[in-house]
Amino acid sequence: MEPVLDQSIVGLTSATEEFEVERGAIRRFAAAIGDPNPLYADVAHARACGYADLLAPPTFPTTFRVALPIALDASHTLHGEQEYRYARPIIAGDVIQCASTIRSVHEREGTLGKMTIIVAETTGMDRSGQPVFTGSSTIIVH
Amino acid sequence: MPSIDWARVEIGQELPPRQHPAITKQQLVMYAGASGDFNLIHTDVETARAAGLTGTIAHGMLSMGFLAQYAGELAGDHGFVQRLKVRFSGMVFPGDVLTCRAQLLARDAHQHTVTVQLWAEREPDHPLTTGEAVVLLREMP
């Protein structure tokens with residue numbers, strides 16, 4: 001069955017999932033990008049710069065794979081835009097609680113025919129309820 | 001990247017570019033594993049061809065990672081990337097050599113931030129991933 005992608009999905013929110021930020025995961029993520037920044041690999045350097053532990057690279061929240069509150073067929077979706085806003089750096093040892101919400105849906109005629117543009121927002125909070133980051137993904141369904 | 005003397009950078013001025021080594025298929029497997037994005041169009045040629053592509057394509061988020069690397073270098077050891085937004089406009093393939101470029105859009109002496117436009121390109125003047133970052137600097141001139 002085709003998923004219903006109309007205004008009725010705006011405001012739908014996923015269940016909250018918890019993610020532990022591990023040193024090894026940060027190092028492997030930075031290594032995959034090829035980013036040699038020592039803040040992401042060298043604990044002593046990060047501490048000398050005033051941080052409690054390794055920093056995570058800015059795009060690290062992509063590793064928090066929160067399920068969308070709607071089902072989409074991956075073979076008909078494209079990632080159009082991505083934005084992250086950070087309240088503070090993400091540090092190894094953080095436990096981040098994430099949930100994603102559908103913010104908007106609209107249709108557009110494009111090179112692939114009729115497309116549906118969905119904006120999903122993911123929020124990440126620490127265990128004390130303080131915001132850590134907000135991610136906004138623009139997903140094109142064709 | 002040498003540290004930038006922001007007092008000497010004019011609005012609209014380009015900052016030093018950074019060229020990345022050619023993207024390899026191994027890197028895409030590593031990125032799939034590290035990011036958790038297991039969509040096979042990035043790692044399996046058969047799947048990519050079945051989707052109408054000529055071969056595997058790089059994760060858009062890898063290009064965003066390159067731009068984030070640039071923004072992180074601007075932030076330095078004591079700054080902080082507060083915001084990063086990108087648009088994926090062109091496909092990136094294994095073997096591509098991407099160059100990240102940036103130019104100063106604005107500076108805010110009160111907030112101690114600079115806003116830069118960032119883009120990644122394979123050929124000059126054909127940006128494949130374009131974006132904007134707001135970087136908090138430790139101290140402003």
# chains A, B, ... in the order shown; residues from 1 in each chain; ligands from 1
>>> interface_residues(of="chain B", to="chain A", cutoff="8 Å", atoms="only C-alpha atoms", output="ChimeraX atom specification")
/B:27-28,30-31,34-36,39,51,60-62,64-66,68-69,72-73,77-78,80-89
>>> select_by_dssp(residues="chain A", states="strand (DSSP E)", output="NGL selection string")
:A and (17-20 or 77-86 or 95-110 or 113-125 or 131-141)
>>> atom_distance(atom1="atom CA of His142 of chain A", atom2="atom CA of Asp96 of chain B")
26.4 Å
>>> atom_distance(atom1="atom CA of Ala99 of chain A", atom2="atom CA of Pro131 of chain A")
11.9 Å
>>> residues_around(residues="Ala120 of chain A", least_positions_apart="3", cutoff="8 Å", atoms="only C-alpha atoms", output="PyMOL selection string")
chain A and resi 68+100-104+136-139
>>> atom_distance(atom1="atom CA of Ile117 of chain A", atom2="atom CA of Ile140 of chain A")
4.8 Å
>>> residues_around(residues="Leu105 of chain B", least_positions_apart="6", cutoff="9 Å", atoms="only C-alpha atoms", output="VMD selection string")
chain B and resid 10 to 13 114 to 117 132
>>> write_last_selection(atoms="C-alpha atoms", output="short mmCIF file (atom, residue, chain, number, x, y, z; two decimals), in the first residue's frame")
data_model
loop_
_atom_site.label_atom_id
_atom_site.label_comp_id
_atom_site.auth_asym_id
_atom_site.auth_seq_id
_atom_site.Cartn_x
_atom_site.Cartn_y
_atom_site.Cartn_z
CA GLU B 10 36.60 41.03 3.78
CA ILE B 11 32.96 40.09 3.33
CA GLY B 12 32.70 38.04 0.16
CA GLN B 13 36.36 37.08 0.21
CA VAL B 114 31.33 34.29 11.45
CA THR B 115 28.90 33.04 8.81
CA VAL B 116 30.50 31.37 5.81
CA GLN B 117 29.14 29.98 2.59
CA GLU B 132 26.24 27.67 5.10
#
>>> select_by_dssp(residues="segment 17-95 of chain A", states="alpha helix (DSSP H)", output="list in words")
Arg23, Gly24, Ala25, Ile26, Arg27, Arg28, Phe29, Ala30, Ala31, Ala32, Ile33, Val43, Ala44, His45, Ala46, Arg47 and Ala48 of chain A
>>> write_last_selection(atoms="all heavy atoms", output="tab-separated table (two decimals), in the first residue's frame")
chain	number	residue	atom	x	y	z
A	23	ARG	N	33.40	6.73	22.37
A	23	ARG	CA	34.67	7.18	21.77
A	23	ARG	C	34.96	6.46	20.46
A	23	ARG	O	35.35	7.08	19.47
A	23	ARG	CB	35.83	6.92	22.73
A	23	ARG	CG	35.94	7.88	23.87
A	23	ARG	CD	37.15	7.48	24.70
A	23	ARG	NE	37.26	8.29	25.90
A	23	ARG	CZ	38.09	8.01	26.89
A	23	ARG	NH1	38.88	6.94	26.82
A	23	ARG	NH2	38.14	8.79	27.94
A	24	GLY	N	34.83	5.14	20.48
A	24	GLY	CA	35.17	4.36	19.28
A	24	GLY	C	34.30	4.75	18.09
A	24	GLY	O	34.78	4.81	16.95
A	25	ALA	N	33.03	5.02	18.36
A	25	ALA	CA	32.11	5.40	17.28
A	25	ALA	C	32.51	6.76	16.71
A	25	ALA	O	32.44	6.98	15.49
A	25	ALA	CB	30.68	5.43	17.80
A	26	ILE	N	32.94	7.67	17.59
A	26	ILE	CA	33.40	8.99	17.11
A	26	ILE	C	34.64	8.83	16.24
A	26	ILE	O	34.75	9.41	15.15
A	26	ILE	CB	33.70	9.92	18.31
A	26	ILE	CG1	32.40	10.32	19.02
A	26	ILE	CG2	34.48	11.16	17.86
A	26	ILE	CD1	32.61	11.13	20.30
A	27	ARG	N	35.60	8.03	16.72
A	27	ARG	CA	36.85	7.86	15.97
A	27	ARG	C	36.60	7.23	14.61
A	27	ARG	O	37.16	7.66	13.59
A	27	ARG	CB	37.83	7.00	16.77
A	27	ARG	CG	38.39	7.69	18.01
A	27	ARG	CD	39.60	6.90	18.53
A	27	ARG	NE	40.18	7.55	19.70
A	27	ARG	CZ	40.06	7.10	20.94
A	27	ARG	NH1	39.39	5.99	21.19
A	27	ARG	NH2	40.63	7.75	21.94
A	28	ARG	N	35.73	6.21	14.57
A	28	ARG	CA	35.46	5.53	13.29
A	28	ARG	C	34.72	6.47	12.33
A	28	ARG	O	34.95	6.44	11.13
A	28	ARG	CB	34.63	4.25	13.52
A	28	ARG	CG	35.47	3.08	13.98
A	28	ARG	CD	34.68	1.78	13.94
A	28	ARG	NE	33.55	1.80	14.87
A	28	ARG	CZ	33.64	1.49	16.16
A	28	ARG	NH1	34.81	1.13	16.69
A	28	ARG	NH2	32.58	1.53	16.94
A	29	PHE	N	33.84	7.30	12.88
A	29	PHE	CA	33.08	8.23	12.04
A	29	PHE	C	34.02	9.27	11.43
A	29	PHE	O	33.98	9.54	10.22
A	29	PHE	CB	31.98	8.89	12.88
A	29	PHE	CG	31.03	9.74	12.08
A	29	PHE	CD1	30.04	9.16	11.30
A	29	PHE	CD2	31.14	11.12	12.09
A	29	PHE	CE1	29.17	9.95	10.55
A	29	PHE	CE2	30.27	11.92	11.35
A	29	PHE	CZ	29.29	11.32	10.58
A	30	ALA	N	34.90	9.85	12.26
A	30	ALA	CA	35.85	10.85	11.75
A	30	ALA	C	36.80	10.20	10.74
A	30	ALA	O	37.13	10.81	9.72
A	30	ALA	CB	36.62	11.47	12.91
A	31	ALA	N	37.22	8.95	11.02
A	31	ALA	CA	38.15	8.27	10.11
A	31	ALA	C	37.49	8.00	8.75
A	31	ALA	O	38.14	8.09	7.71
A	31	ALA	CB	38.63	6.96	10.73
A	32	ALA	N	36.20	7.67	8.76
A	32	ALA	CA	35.50	7.39	7.50
A	32	ALA	C	35.43	8.65	6.63
A	32	ALA	O	35.55	8.58	5.41
A	32	ALA	CB	34.09	6.86	7.78
A	33	ILE	N	35.25	9.79	7.29
A	33	ILE	CA	35.22	11.06	6.54
A	33	ILE	C	36.65	11.43	6.10
A	33	ILE	O	36.84	12.06	5.07
A	33	ILE	CB	34.60	12.18	7.40
A	33	ILE	CG1	33.11	11.88	7.65
A	33	ILE	CG2	34.76	13.56	6.75
A	33	ILE	CD1	32.48	12.74	8.74
A	43	VAL	N	42.00	11.96	23.24
A	43	VAL	CA	41.32	12.38	24.47
A	43	VAL	C	42.14	13.42	25.22
A	43	VAL	O	41.60	14.42	25.73
A	43	VAL	CB	41.04	11.15	25.38
A	43	VAL	CG1	40.38	11.59	26.69
A	43	VAL	CG2	40.15	10.15	24.66
A	44	ALA	N	43.48	13.21	25.27
A	44	ALA	CA	44.33	14.16	26.01
A	44	ALA	C	44.26	15.55	25.37
A	44	ALA	O	44.19	16.57	26.09
A	44	ALA	CB	45.78	13.66	26.02
A	45	HIS	N	44.24	15.59	24.04
A	45	HIS	CA	44.14	16.88	23.35
A	45	HIS	C	42.79	17.55	23.65
A	45	HIS	O	42.73	18.75	23.95
A	45	HIS	CB	44.31	16.70	21.84
A	45	HIS	CG	44.18	17.97	21.06
A	45	HIS	ND1	45.18	18.91	20.99
A	45	HIS	CD2	43.13	18.49	20.36
A	45	HIS	CE1	44.77	19.94	20.27
A	45	HIS	NE2	43.52	19.71	19.87
A	46	ALA	N	41.72	16.76	23.58
A	46	ALA	CA	40.38	17.32	23.84
A	46	ALA	C	40.33	17.88	25.27
A	46	ALA	O	39.80	18.97	25.50
A	46	ALA	CB	39.31	16.25	23.64
A	47	ARG	N	40.92	17.13	26.21
A	47	ARG	CA	40.90	17.60	27.62
A	47	ARG	C	41.74	18.85	27.79
A	47	ARG	O	41.37	19.77	28.52
A	47	ARG	CB	41.37	16.48	28.55
A	47	ARG	CG	40.32	15.38	28.62
A	47	ARG	CD	40.58	14.38	29.72
A	47	ARG	NE	39.42	13.50	29.83
A	47	ARG	CZ	39.49	12.22	30.14
A	47	ARG	NH1	40.66	11.65	30.40
A	47	ARG	NH2	38.39	11.49	30.21
A	48	ALA	N	42.89	18.89	27.08
A	48	ALA	CA	43.75	20.08	27.16
A	48	ALA	C	43.03	21.31	26.61
A	48	ALA	O	43.35	22.44	26.98
A	48	ALA	CB	45.05	19.83	26.40
